[in-house]
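Okay, work.txt now, which holds compact mmCIF, C-alpha atoms:
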```
# COMPACT_ATOMS: atom_id res chain seq x y z
CA MET A 1184 -9.44 -36.29 96.03
CA LYS A 1185 -6.04 -34.84 95.18
CA ASN A 1186 -5.07 -37.96 93.22
CA LYS A 1187 -8.33 -37.86 91.27
CA LEU A 1188 -7.68 -34.21 90.37
CA VAL A 1189 -4.17 -35.04 89.14
CA ILE A 1190 -5.54 -37.91 87.04
CA LEU A 1191 -8.23 -35.63 85.58
CA VAL A 1192 -5.76 -32.89 84.70
CA SER A 1193 -3.40 -35.43 83.13
CA ALA A 1194 -6.21 -36.92 81.09
CA LEU A 1195 -7.33 -33.51 79.86
CA PHE A 1196 -3.73 -32.69 78.93
CA LEU A 1197 -3.38 -35.91 76.94
CA ILE A 1198 -6.68 -35.29 75.19
CA SER A 1199 -5.56 -31.75 74.34
CA CYS A 1200 -2.26 -33.05 72.91
CA GLU A 1201 -4.06 -35.68 70.86
CA GLN A 1202 -6.46 -33.05 69.53
CA GLU A 1203 -3.55 -30.80 68.56
CA LEU A 1204 -1.85 -33.68 66.74
CA ASP A 1205 -5.09 -34.65 65.00
CA GLU A 1206 -5.66 -31.04 63.97
CA LYS A 1207 -2.07 -30.77 62.70
CA TYR A 1208 -2.38 -33.86 60.54
CA ASN A 1209 -5.88 -32.94 59.39
CA VAL A 1210 -4.59 -29.53 58.28
CA GLU A 1211 -1.66 -31.13 56.45
CA ASP A 1212 -3.92 -33.74 54.83
CA SER A 1213 -6.25 -30.96 53.71
CA PHE A 1214 -3.32 -29.03 52.25
CA VAL A 1215 -1.86 -32.03 50.41
CA LYS A 1216 -5.27 -32.90 48.95
CA TRP A 1217 -5.80 -29.34 47.77
CA VAL A 1218 -2.31 -29.15 46.20
CA SER A 1219 -2.86 -32.53 44.51
CA GLU A 1220 -5.97 -31.15 42.85
CA ASN A 1221 -4.63 -27.69 41.94
CA HIS A 1222 -0.91 -27.92 41.17
CA VAL A 1223 0.67 -27.38 37.75
CA PRO A 1224 3.02 -30.24 36.72
CA LEU A 1225 6.20 -28.89 35.14
CA ILE A 1226 6.63 -30.12 31.57
CA SER A 1227 10.38 -29.61 31.47
CA MET A 1228 13.30 -28.00 33.24
CA GLU A 1229 14.88 -27.06 29.91
CA ASN A 1230 13.47 -25.07 27.01
CA SER A 1231 10.39 -26.67 25.50
CA THR A 1232 8.15 -26.01 22.52
CA ASP A 1233 5.24 -26.83 24.84
CA ASN A 1234 4.82 -24.06 27.41
CA HIS A 1235 1.34 -24.95 28.60
CA ASP A 1236 2.63 -25.19 32.18
CA LEU A 1237 4.15 -21.70 32.02
CA ASP A 1238 0.93 -20.35 30.48
CA LEU A 1239 -0.87 -21.52 33.62
CA ILE A 1240 1.81 -20.38 36.07
CA PHE A 1241 2.07 -16.87 34.65
CA LYS A 1242 -1.48 -16.34 33.36
CA ASP A 1243 -2.10 -13.41 35.75
CA ILE A 1244 1.40 -11.92 35.72
CA ALA A 1245 0.79 -8.91 33.44
CA ASN A 1246 0.25 -6.32 36.19
CA TYR A 1247 3.29 -7.24 38.30
CA LYS A 1248 6.37 -5.03 38.28
CA VAL A 1249 8.78 -7.59 39.77
CA VAL A 1250 8.70 -11.38 39.69
CA ALA A 1251 11.11 -12.94 42.18
CA LEU A 1252 12.34 -16.48 41.49
CA SER A 1253 13.78 -18.09 44.61
CA GLU A 1254 16.93 -20.19 44.67
CA GLY A 1255 16.84 -23.07 47.14
CA PHE A 1256 20.61 -23.28 46.78
CA HIS A 1257 23.02 -21.68 44.39
CA ASN A 1258 24.33 -24.60 42.36
CA SER A 1259 21.34 -26.68 41.30
CA LYS A 1260 21.43 -27.56 37.62
CA GLU A 1261 17.69 -28.12 37.29
CA MET A 1262 16.85 -24.92 39.13
CA MET A 1263 19.01 -22.77 36.85
CA GLN A 1264 17.68 -24.47 33.74
CA LEU A 1265 14.10 -23.90 34.86
CA HIS A 1266 14.81 -20.28 35.74
CA GLU A 1267 16.25 -19.69 32.27
CA ARG A 1268 13.18 -21.28 30.70
CA MET A 1269 10.90 -19.07 32.81
CA ILE A 1270 12.91 -15.93 32.04
CA LYS A 1271 12.74 -16.57 28.30
CA TYR A 1272 9.00 -17.11 28.56
CA LEU A 1273 8.41 -13.93 30.57
CA VAL A 1274 10.54 -11.88 28.18
CA GLU A 1275 8.94 -13.25 25.03
CA ASN A 1276 5.34 -13.41 26.23
CA HIS A 1277 4.84 -10.84 28.99
CA GLY A 1278 7.18 -7.95 28.21
CA PHE A 1279 9.69 -8.42 31.02
CA ASN A 1280 12.87 -6.57 30.10
CA THR A 1281 15.25 -6.69 33.09
CA VAL A 1282 17.05 -9.50 34.93
CA ALA A 1283 18.60 -8.87 38.34
CA THR A 1284 20.62 -11.36 40.39
CA GLU A 1285 22.58 -11.71 43.62
CA THR A 1286 25.70 -10.10 42.12
CA GLY A 1287 27.45 -6.90 43.20
CA LEU A 1288 25.99 -3.92 41.37
CA PRO A 1289 29.29 -2.21 40.43
CA GLU A 1290 30.77 -5.45 39.06
CA SER A 1291 27.63 -6.23 37.06
CA ARG A 1292 28.34 -3.33 34.69
CA LEU A 1293 30.63 -5.71 32.77
CA ILE A 1294 27.74 -8.12 32.21
CA TYR A 1295 25.32 -5.27 31.50
CA ASP A 1296 27.59 -4.02 28.70
CA TYR A 1297 28.11 -7.52 27.30
CA VAL A 1298 24.36 -8.18 27.22
CA GLN A 1299 23.96 -4.83 25.45
CA GLY A 1300 26.27 -6.05 22.66
CA LYS A 1301 29.68 -4.74 23.69
CA PRO A 1302 32.75 -7.01 23.34
CA LYS A 1303 33.56 -9.44 26.11
CA GLN A 1304 36.15 -8.03 28.51
CA ASP A 1305 39.07 -10.05 29.87
CA ASP A 1306 38.00 -12.11 32.89
CA MET A 1307 34.45 -10.87 32.41
CA TRP A 1308 32.87 -13.87 34.10
CA LYS A 1309 35.16 -13.68 37.12
CA ASN A 1310 35.03 -9.89 37.49
CA GLY A 1311 31.46 -9.22 36.40
CA LEU A 1312 29.47 -12.01 38.05
CA ASN A 1313 29.35 -13.25 41.58
CA SER A 1314 30.82 -16.75 41.75
CA LEU A 1315 27.33 -17.93 42.76
CA TYR A 1316 26.69 -17.71 39.02
CA SER A 1317 29.99 -17.36 37.18
CA GLU A 1318 31.17 -20.83 38.25
CA TRP A 1319 28.34 -22.63 36.45
CA GLN A 1320 27.70 -23.11 32.75
CA GLU A 1321 23.93 -22.94 33.19
CA ALA A 1322 24.18 -19.41 34.62
CA ARG A 1323 26.50 -18.28 31.82
CA ASP A 1324 24.09 -19.73 29.27
CA LEU A 1325 21.41 -17.31 30.48
CA ILE A 1326 23.72 -14.34 29.93
CA GLU A 1327 24.62 -15.59 26.44
CA TRP A 1328 20.93 -15.94 25.60
CA MET A 1329 20.23 -12.40 26.78
CA ARG A 1330 23.02 -11.09 24.55
CA SER A 1331 21.71 -13.04 21.55
CA TYR A 1332 18.18 -11.82 22.19
CA ASN A 1333 19.37 -8.21 22.31
CA LEU A 1334 21.27 -8.52 19.06
CA ALA A 1335 17.98 -9.47 17.40
CA ASN A 1336 15.73 -7.12 19.37
CA HIS A 1337 17.39 -3.69 19.64
CA SER A 1338 19.05 -4.29 23.03
CA GLU A 1339 15.87 -4.06 25.05
CA LEU A 1340 17.02 -6.52 27.75
CA GLU A 1341 19.10 -5.25 30.69
CA TYR A 1342 21.05 -7.11 33.36
CA PHE A 1343 21.95 -5.82 36.83
CA GLY A 1344 23.40 -7.11 40.06
CA ILE A 1345 21.57 -5.83 43.14
CA ASP A 1346 24.04 -6.84 45.84
CA ILE A 1347 26.71 -4.96 47.78
CA GLY A 1348 29.78 -3.89 45.85
CA GLY A 1349 32.83 -6.09 46.28
CA PHE A 1350 30.65 -8.74 47.92
CA TYR A 1351 32.83 -10.73 50.39
CA ASP A 1352 35.97 -10.57 48.33
CA ASN A 1353 37.59 -7.82 46.26
CA TRP A 1354 36.94 -4.10 46.80
CA GLU A 1355 39.72 -2.91 44.51
CA ARG A 1356 37.95 -3.69 41.21
CA PRO A 1357 34.66 -1.86 41.84
CA LEU A 1358 36.35 1.13 43.48
CA GLU A 1359 38.85 1.42 40.63
CA LYS A 1360 35.99 1.66 38.14
CA ILE A 1361 34.40 4.46 40.16
CA PHE A 1362 37.70 6.37 40.31
CA GLU A 1363 38.29 5.90 36.59
CA TYR A 1364 35.04 7.81 36.08
CA LEU A 1365 36.00 10.46 38.63
CA ASP A 1366 39.38 10.85 36.89
CA LEU A 1367 37.45 12.02 33.81
CA VAL A 1368 35.01 14.39 35.50
CA ASP A 1369 36.88 15.65 38.58
CA GLY A 1370 40.54 14.65 38.53
CA GLY A 1371 41.62 16.65 41.57
CA TYR A 1372 38.92 15.19 43.80
CA SER A 1373 39.63 11.71 42.46
CA SER A 1374 43.33 11.97 43.36
CA LYS A 1375 42.48 13.15 46.87
CA MET A 1376 40.06 10.30 47.53
CA ARG A 1377 42.41 7.71 46.02
CA ALA A 1378 45.13 8.82 48.41
CA GLU A 1379 42.81 8.51 51.41
CA LEU A 1380 41.62 5.04 50.44
CA SER A 1381 44.95 3.62 49.33
CA PRO A 1382 46.23 2.48 52.76
CA LEU A 1383 42.88 0.78 53.46
CA LEU A 1384 42.53 -1.02 50.15
CA LYS A 1385 45.68 -3.09 50.57
CA ASP A 1386 43.71 -5.22 53.04
CA LEU A 1387 40.50 -5.26 50.99
CA LYS A 1388 41.84 -6.63 47.71
CA ASN A 1389 40.86 -10.15 48.70
CA ASN A 1390 38.86 -11.80 51.44
CA ALA A 1391 37.56 -8.31 52.13
CA ARG A 1392 34.98 -9.03 54.82
CA VAL A 1393 37.36 -11.10 56.94
CA ASN A 1394 40.17 -8.57 56.54
CA TYR A 1395 37.84 -5.68 57.35
CA ILE A 1396 37.17 -7.33 60.70
CA ASN A 1397 40.60 -8.76 61.49
CA LYS A 1398 43.08 -6.34 59.91
CA LEU A 1399 41.56 -2.87 59.90
CA THR A 1400 41.60 -0.90 63.11
CA GLN A 1401 38.42 0.79 64.32
CA ALA A 1402 39.87 4.13 63.24
CA GLN A 1403 40.49 2.75 59.75
CA ARG A 1404 36.97 1.37 59.52
CA ASP A 1405 35.62 4.77 60.50
CA ASP A 1406 37.85 6.44 57.87
CA LEU A 1407 36.57 4.02 55.24
CA ALA A 1408 32.95 4.83 56.09
CA ARG A 1409 33.68 8.56 56.06
CA VAL A 1410 35.41 8.51 52.65
CA LEU A 1411 32.63 6.46 51.05
CA ASP A 1412 30.00 8.81 52.49
CA GLU A 1413 31.93 11.79 51.13
CA VAL A 1414 32.18 10.26 47.66
CA VAL A 1415 28.43 9.64 47.46
CA LEU A 1416 27.67 13.17 48.69
CA HIS A 1417 30.16 14.60 46.17
CA PHE A 1418 28.43 12.76 43.32
CA SER A 1419 25.11 14.26 44.36
CA ALA A 1420 26.50 17.78 44.77
CA GLN A 1421 28.29 17.69 41.38
CA LYS A 1422 25.56 15.98 39.39
CA GLU A 1423 25.06 18.76 36.84
CA SER A 1424 28.79 19.11 36.18
CA PHE A 1425 29.43 15.34 35.99
CA VAL A 1426 26.51 14.73 33.62
CA ALA A 1427 27.68 17.58 31.37
CA GLN A 1428 31.13 15.99 31.10
CA SER A 1429 29.83 12.44 30.53
CA ASN A 1430 26.15 11.54 30.29
CA MET A 1431 23.30 10.67 32.63
CA LYS A 1432 23.74 6.91 32.25
CA GLU A 1433 27.43 6.98 33.22
CA TYR A 1434 26.75 9.34 36.09
CA GLN A 1435 23.94 7.20 37.47
CA TRP A 1436 25.86 3.94 37.16
CA ASN A 1437 28.92 5.31 38.93
CA ARG A 1438 27.03 7.12 41.66
CA GLN A 1439 25.02 3.99 42.45
CA SER A 1440 28.20 1.93 42.39
CA ALA A 1441 29.56 4.25 45.08
CA VAL A 1442 26.34 3.75 47.04
CA ALA A 1443 26.79 -0.02 46.71
CA MET A 1444 30.27 0.26 48.25
CA GLN A 1445 28.87 2.45 51.02
CA LEU A 1446 26.27 -0.25 51.69
CA ALA A 1447 28.97 -2.93 51.66
CA GLU A 1448 30.80 -1.14 54.47
CA ASN A 1449 27.52 -0.90 56.37
CA TYR A 1450 27.02 -4.66 55.93
CA TYR A 1451 30.53 -5.52 57.11
CA ARG A 1452 30.13 -3.28 60.18
CA ASN A 1453 26.75 -4.82 60.90
CA TYR A 1454 28.15 -8.33 60.48
CA MET A 1455 31.05 -7.62 62.83
CA ASN A 1456 28.72 -6.25 65.48
CA GLN A 1457 26.35 -9.18 65.14
CA VAL A 1458 28.89 -12.01 65.22
CA TYR A 1459 31.67 -10.62 67.39
CA SER A 1460 29.84 -8.53 69.99
CA ASP A 1461 28.12 -9.81 73.13
CA THR A 1462 25.87 -6.76 73.15
CA SER A 1463 24.38 -7.21 69.69
CA LYS A 1464 21.99 -10.15 70.02
CA TYR A 1465 19.04 -8.02 68.94
CA ILE A 1466 20.79 -6.55 65.89
CA GLY A 1467 19.70 -8.11 62.60
CA LEU A 1468 22.19 -8.98 59.89
CA ASN A 1469 20.32 -6.81 57.41
CA GLY A 1470 23.03 -4.86 55.58
CA ARG A 1471 22.81 -6.87 52.37
CA GLU A 1472 19.00 -6.84 52.53
CA ILE A 1473 19.01 -3.03 52.62
CA ALA A 1474 21.48 -2.96 49.73
CA MET A 1475 19.35 -5.27 47.59
CA GLU A 1476 16.23 -3.21 48.13
CA THR A 1477 18.10 0.07 47.54
CA ASN A 1478 19.69 -1.15 44.31
CA LEU A 1479 16.45 -2.63 42.99
CA ASN A 1480 14.67 0.68 43.62
CA TRP A 1481 17.44 2.42 41.68
CA ILE A 1482 16.96 0.01 38.74
CA LEU A 1483 13.24 0.73 38.69
CA GLU A 1484 13.92 4.47 38.75
CA GLN A 1485 16.31 4.26 35.80
CA ARG A 1486 13.80 2.63 33.51
CA LYS A 1487 10.19 3.63 33.99
CA ASP A 1488 8.93 0.71 31.88
CA ALA A 1489 11.10 -1.81 33.77
CA LYS A 1490 9.57 -5.22 34.42
CA VAL A 1491 12.11 -7.10 36.50
CA ILE A 1492 12.80 -10.79 36.99
CA LEU A 1493 14.72 -11.04 40.25
CA ILE A 1494 16.72 -14.21 40.97
CA ASN A 1495 17.59 -14.45 44.64
CA HIS A 1496 18.16 -16.96 47.40
CA VAL A 1497 15.08 -18.11 49.35
CA LEU A 1498 16.50 -16.36 52.40
CA HIS A 1499 16.20 -12.99 50.64
CA THR A 1500 12.78 -13.59 49.02
CA GLN A 1501 10.97 -14.03 52.33
CA THR A 1502 8.53 -11.21 52.98
CA ALA A 1503 8.29 -11.11 56.79
CA THR A 1504 10.63 -10.22 59.64
CA LYS A 1505 11.53 -13.04 61.99
CA ARG A 1506 14.11 -14.22 64.46
CA GLN A 1507 16.39 -16.69 62.65
CA ASN A 1508 18.73 -19.00 64.50
CA GLY A 1509 22.46 -18.31 64.52
CA TYR A 1510 24.19 -15.15 63.39
CA LEU A 1511 21.30 -13.85 61.27
CA GLY A 1512 19.54 -12.69 64.40
CA HIS A 1513 16.44 -10.50 64.04
CA PHE A 1514 16.26 -10.75 60.28
CA VAL A 1515 14.44 -8.38 57.90
CA PRO A 1516 14.68 -9.97 54.44
CA ALA A 1517 15.05 -8.00 51.22
CA GLY A 1518 11.74 -9.44 50.06
CA GLN A 1519 9.94 -7.70 52.90
CA LEU A 1520 11.57 -4.35 52.15
CA ILE A 1521 10.73 -4.72 48.46
CA LYS A 1522 7.17 -5.79 49.27
CA GLU A 1523 6.66 -2.66 51.37
CA GLN A 1524 7.68 -0.56 48.35
CA LEU A 1525 5.86 -2.45 45.58
CA LYS A 1526 2.91 -3.88 47.52
CA ASP A 1527 0.76 -5.88 45.07
CA LYS A 1528 3.24 -5.32 42.21
CA LEU A 1529 5.61 -8.01 43.57
CA PHE A 1530 5.05 -11.71 42.85
CA VAL A 1531 7.32 -14.18 44.67
CA ILE A 1532 7.82 -17.86 43.81
CA GLY A 1533 9.51 -19.97 46.47
CA MET A 1534 11.61 -23.09 45.91
CA ALA A 1535 11.97 -26.45 47.68
CA TYR A 1536 13.74 -29.74 46.89
CA GLY A 1537 12.96 -33.31 47.78
CA LYS A 1538 16.33 -34.99 47.41
CA GLY A 1539 19.45 -35.16 45.26
CA GLU A 1540 23.03 -33.90 45.25
CA PHE A 1541 24.79 -30.53 45.36
CA TRP A 1542 28.28 -29.04 45.26
CA ASN A 1543 29.52 -28.73 48.81
CA LYS A 1544 32.26 -26.14 49.51
CA TRP A 1545 31.66 -24.90 45.98
CA GLN A 1546 33.33 -21.50 46.50
CA LYS A 1547 36.79 -22.89 45.65
CA PRO A 1548 37.05 -25.38 42.77
CA GLU A 1549 39.90 -27.22 44.46
CA ASN A 1550 37.74 -27.85 47.54
CA ARG A 1551 34.33 -28.58 46.03
CA PHE A 1552 32.85 -32.03 46.04
CA VAL A 1553 29.49 -33.58 45.23
CA ASP A 1554 27.50 -34.19 48.40
CA LYS A 1555 24.12 -35.72 49.13
CA ILE A 1556 21.32 -33.37 50.15
CA PRO A 1557 20.30 -34.37 53.69
CA ALA A 1558 16.94 -36.07 53.95
CA SER A 1559 14.11 -33.84 55.07
CA ARG A 1560 12.29 -34.64 58.30
CA GLU A 1561 8.63 -35.03 59.14
CA GLY A 1562 6.99 -31.65 59.56
CA GLU A 1563 9.39 -29.79 57.25
CA ILE A 1564 8.08 -28.15 54.10
CA GLU A 1565 9.78 -30.62 51.76
CA GLN A 1566 8.13 -33.61 53.46
CA THR A 1567 4.66 -32.16 53.01
CA LEU A 1568 5.20 -31.06 49.41
CA GLY A 1569 6.62 -34.48 48.56
CA LYS A 1570 3.38 -36.16 49.63
CA VAL A 1571 1.60 -34.69 46.60
CA GLY A 1572 3.17 -37.43 44.48
CA THR A 1573 4.08 -35.34 41.42
CA LYS A 1574 7.83 -35.11 40.87
CA ASN A 1575 8.12 -31.51 39.71
CA TYR A 1576 5.33 -28.98 40.02
CA TYR A 1577 4.22 -25.44 40.83
CA ILE A 1578 1.40 -24.45 43.15
CA ASN A 1579 -0.05 -20.96 43.51
CA TRP A 1580 -1.56 -20.83 46.97
CA GLU A 1581 -3.17 -17.41 46.94
CA GLN A 1582 -6.60 -18.98 46.45
CA ALA A 1583 -6.16 -21.68 49.08
CA PRO A 1584 -9.37 -22.42 51.06
CA ALA A 1585 -9.52 -22.30 54.85
CA GLY A 1586 -7.93 -25.66 55.69
CA PRO A 1587 -4.88 -25.39 53.40
CA ALA A 1588 -4.57 -21.69 54.27
CA LYS A 1589 -4.07 -22.68 57.90
CA TRP A 1590 -1.09 -24.83 56.88
CA LEU A 1591 0.35 -21.91 54.89
CA ASP A 1592 0.10 -19.67 57.96
CA SER A 1593 2.14 -22.06 60.14
CA SER A 1594 5.89 -21.75 60.74
CA PHE A 1595 8.13 -24.41 59.18
CA LEU A 1596 11.77 -25.12 58.54
CA LEU A 1597 12.92 -25.05 54.92
CA ARG A 1598 16.15 -26.77 53.95
CA GLU A 1599 18.84 -24.82 52.10
CA ASN A 1600 21.64 -27.16 51.06
CA ASP A 1601 22.55 -28.63 54.45
CA TYR A 1602 21.08 -26.03 56.81
CA PHE A 1603 17.62 -24.65 57.54
CA ILE A 1604 15.75 -21.37 57.72
CA GLU A 1605 12.38 -20.67 59.32
CA LEU A 1606 9.46 -19.16 57.43
CA LYS A 1607 5.74 -19.26 56.88
CA PRO A 1608 4.89 -20.53 53.37
CA LYS A 1609 2.35 -17.74 52.86
CA GLU A 1610 5.27 -15.28 52.63
CA TRP A 1611 5.43 -16.38 48.98
CA ASN A 1612 2.67 -16.31 46.37
CA GLY A 1613 3.46 -19.90 45.43
CA ILE A 1614 6.26 -22.43 45.24
CA ILE A 1615 8.17 -24.68 42.85
CA TYR A 1616 8.81 -28.17 44.17
CA LEU A 1617 11.54 -30.25 42.52
CA ASP A 1618 11.62 -33.89 43.54
CA SER A 1619 15.31 -34.46 42.79
CA VAL A 1620 18.14 -32.15 41.76
CA SER A 1621 21.77 -32.48 40.70
CA PRO A 1622 24.92 -30.32 40.79
CA ALA A 1623 25.36 -27.59 38.19
CA THR A 1624 27.92 -27.95 35.40
CA PRO A 1625 31.28 -26.30 36.16
CA ALA A 1626 31.89 -23.64 33.52
CA SER A 1627 34.57 -23.98 30.92
CA GLU A 1628 36.81 -20.94 30.69
CA SER A 1629 36.71 -21.25 26.91
CA HIS A 1630 33.09 -20.10 26.97
```

Show this structure as structure tokens.
Amino acid sequence: MKNKLVILVSALFLISCEQELDEKYNVEDSFVKWVSENHVPLISMENSTDNHDLDLIFKDIANYKVVALSEGFHNSKEMMQLHERMIKYLVENHGFNTVATETGLPESRLIYDYVQGKPKQDDMWKNGLNSLYSEWQEARDLIEWMRSYNLANHSELEYFGIDIGGFYDNWERPLEKIFEYLDLVDGGYSSKMRAELSPLLKDLKNNARVNYINKLTQAQRDDLARVLDEVVLHFSAQKESFVAQSNMKEYQWNRQSAVAMQLAENYYRNYMNQVYSDTSKYIGLNGREIAMETNLNWILEQRKDAKVILINHVLHTQTATKRQNGYLGHFVPAGQLIKEQLKDKLFVIGMAYGKGEFWNKWQKPENRFVDKIPASREGEIEQTLGKVGTKNYYINWEQAPAGPAKWLDSSFLLRENDYFIELKPKEWNGIIYLDSVSPATPASESH
């Protein structure tokens, strides 16, 4: 009797497993069939006189305040070309007037001014753009187009970075710009704060995040946080006086730049606690996510008619909290924070790649090399999207029927370069699938 019971239980277990597998594949088959019948094939990655595909992709975009375009990885030539094409279309056809990227907000003032028609500053690309963008000709081409558009259209386009000030590298440049402003409006206070920060900045002029952790003492880190807090509070307390001596635009830019440095310190502290502390396994690495949402809200406050195109890594455009593997921990992406603020005014387009090549170790030109994108595996998002059979396409899945919607509500791994993140596809409104991609073009310093 006992043996018969074991056999029965085993049989029921096997039947249950087979049913789960059948259901899984039926759901995927249903999704692939639906995408095959409803996707929009992309006409071109580059600018085209035929924008029928973009007409279909953005036909209902008029009421959105922010459109987020995801980056599957930061140095894909085709991705950047397509993003530029989409940005031009949204600007020229749907009244979008602001571009924001994963660049430090204080540094981005150089690019903001250049786009507004001011002369190019020395080392503008290096000092004004995160190397995620400044290293590649395709990213610089977008900035040049924005400048040209403004020269012909009364400077209506604006560019901002929404990331932490100083990013991972150099804190001296953004802080110096803030103190140059304070020198003009409150010289005595500026001298006092410079003196307090001076001994700390010698270790934050390069490789700032690593040096913050390895070279600053805990007392110095606390001093740094205190000074940055004081500077932001001083800006707020002296607003009327500072505006009277400059103007509202300069005041707002410099105050928010100070906030971006304050948020950078918060991110570094959060990172150190997450990676180097045994007691922090439930702490999320969310400092940059908070900064991105804070800076985007500031941009929207500065211009009441702002319609923003946000370019950001897929990691940051997710719209749901989850536990990611590795140091990210309990992760609350910027996309979720932004979604909570904007609700149905945010439209997010994801990104996935089938195959191709990318720049590995791209951060330093002397180390970078072209590497093959690892093949995706069965059950990963790229495998399923590749089964549609169209090389490059967009699919809006908000109207997906029950079967495909079940696939969208499942958790998958999505490849980013040569690592993976976890997400549910429904966190985005739709996705761009590129069958094959290639490395971006290294920028020439003569441009």

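Take CA of Asp1346 in chain A and CA of Thr1500 in chain A: the distance between them is 13.5 Å.
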
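Using all atoms listed in the file for every distance, the candidate list A:Leu1225, A:Gly1278, A:Glu1476, A:Asn1234 yields A:Glu1476 as the residue closest to Leu1520 in chain A.
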
Residues within 7 Å of His1496 in chain A, only C-alpha atoms, excluding chain neighbours under 5 positions, as number ranges by chain: A: 1253-1256

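From CA of Arg1506 in chain A back to CA of Lys1609 in chain A, the distance works out to 16.9 Å.
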
Using all atoms listed in the file, which protein or nucleic acid residues come within 9 Å of Lys1570 in chain A? Drop anything in the same chain fewer than 4 positions from it, and give the result as a PDB file with C-alpha atoms, in the coordinates of the input.
```
ATOM      1  CA  VAL A1215      -1.860 -32.030  50.410  1.00  0.00           C
ATOM      2  CA  SER A1219      -2.860 -32.530  44.510  1.00  0.00           C
ATOM      3  CA  GLU A1565       9.780 -30.620  51.760  1.00  0.00           C
ATOM      4  CA  GLN A1566       8.130 -33.610  53.460  1.00  0.00           C
TER       5      GLN A1566
END
```

CA of Val1218 in chain A to CA of Thr1567 in chain A, straight-line distance in Å: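 Straight-line distance from CA of Thr1567 in chain A to CA of Val1218 in chain A works out to 10.2 Å.
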
Can you patch up range 1293-1304 of chain A, filling it in to N, CA, C and O atoms, and show the result as a CSV table (one decimal), keeping the file's coordinate frame?
```csv
chain,number,residue,atom,x,y,z
A,1293,LEU,N,30.0,-4.9,33.8
A,1293,LEU,CA,30.6,-5.7,32.8
A,1293,LEU,C,29.6,-6.6,32.0
A,1293,LEU,O,29.7,-6.7,30.8
A,1294,ILE,N,28.7,-7.2,32.8
A,1294,ILE,CA,27.7,-8.1,32.2
A,1294,ILE,C,26.7,-7.3,31.5
A,1294,ILE,O,26.2,-7.6,30.4
A,1295,TYR,N,26.3,-6.2,32.1
A,1295,TYR,CA,25.3,-5.3,31.5
A,1295,TYR,C,25.8,-4.9,30.1
A,1295,TYR,O,25.0,-5.0,29.1
A,1296,ASP,N,27.0,-4.4,30.0
A,1296,ASP,CA,27.6,-4.0,28.7
A,1296,ASP,C,27.6,-5.2,27.7
A,1296,ASP,O,27.3,-5.0,26.5
A,1297,TYR,N,28.0,-6.3,28.2
A,1297,TYR,CA,28.1,-7.5,27.3
A,1297,TYR,C,26.7,-7.9,26.8
A,1297,TYR,O,26.6,-8.2,25.6
A,1298,VAL,N,25.7,-7.9,27.6
A,1298,VAL,CA,24.4,-8.2,27.2
A,1298,VAL,C,23.9,-7.1,26.2
A,1298,VAL,O,23.1,-7.4,25.3
A,1299,GLN,N,24.4,-5.9,26.4
A,1299,GLN,CA,24.0,-4.8,25.4
A,1299,GLN,C,24.7,-4.9,24.1
A,1299,GLN,O,24.5,-4.0,23.3
A,1300,GLY,N,25.6,-5.9,23.9
A,1300,GLY,CA,26.3,-6.0,22.7
A,1300,GLY,C,27.7,-5.6,22.6
A,1300,GLY,O,28.4,-5.8,21.6
A,1301,LYS,N,28.3,-5.1,23.7
A,1301,LYS,CA,29.7,-4.7,23.7
A,1301,LYS,C,30.6,-6.0,23.8
A,1301,LYS,O,30.2,-7.0,24.2
A,1302,PRO,N,31.8,-5.9,23.3
A,1302,PRO,CA,32.8,-7.0,23.3
A,1302,PRO,C,33.0,-7.5,24.8
A,1302,PRO,O,32.9,-6.8,25.7
A,1303,LYS,N,33.3,-8.8,24.8
A,1303,LYS,CA,33.6,-9.4,26.1
A,1303,LYS,C,34.9,-8.9,26.6
A,1303,LYS,O,35.9,-8.9,25.9
A,1304,GLN,N,34.9,-8.5,27.9
A,1304,GLN,CA,36.2,-8.0,28.5
A,1304,GLN,C,36.9,-9.2,29.1
A,1304,GLN,O,36.4,-10.3,29.4
```
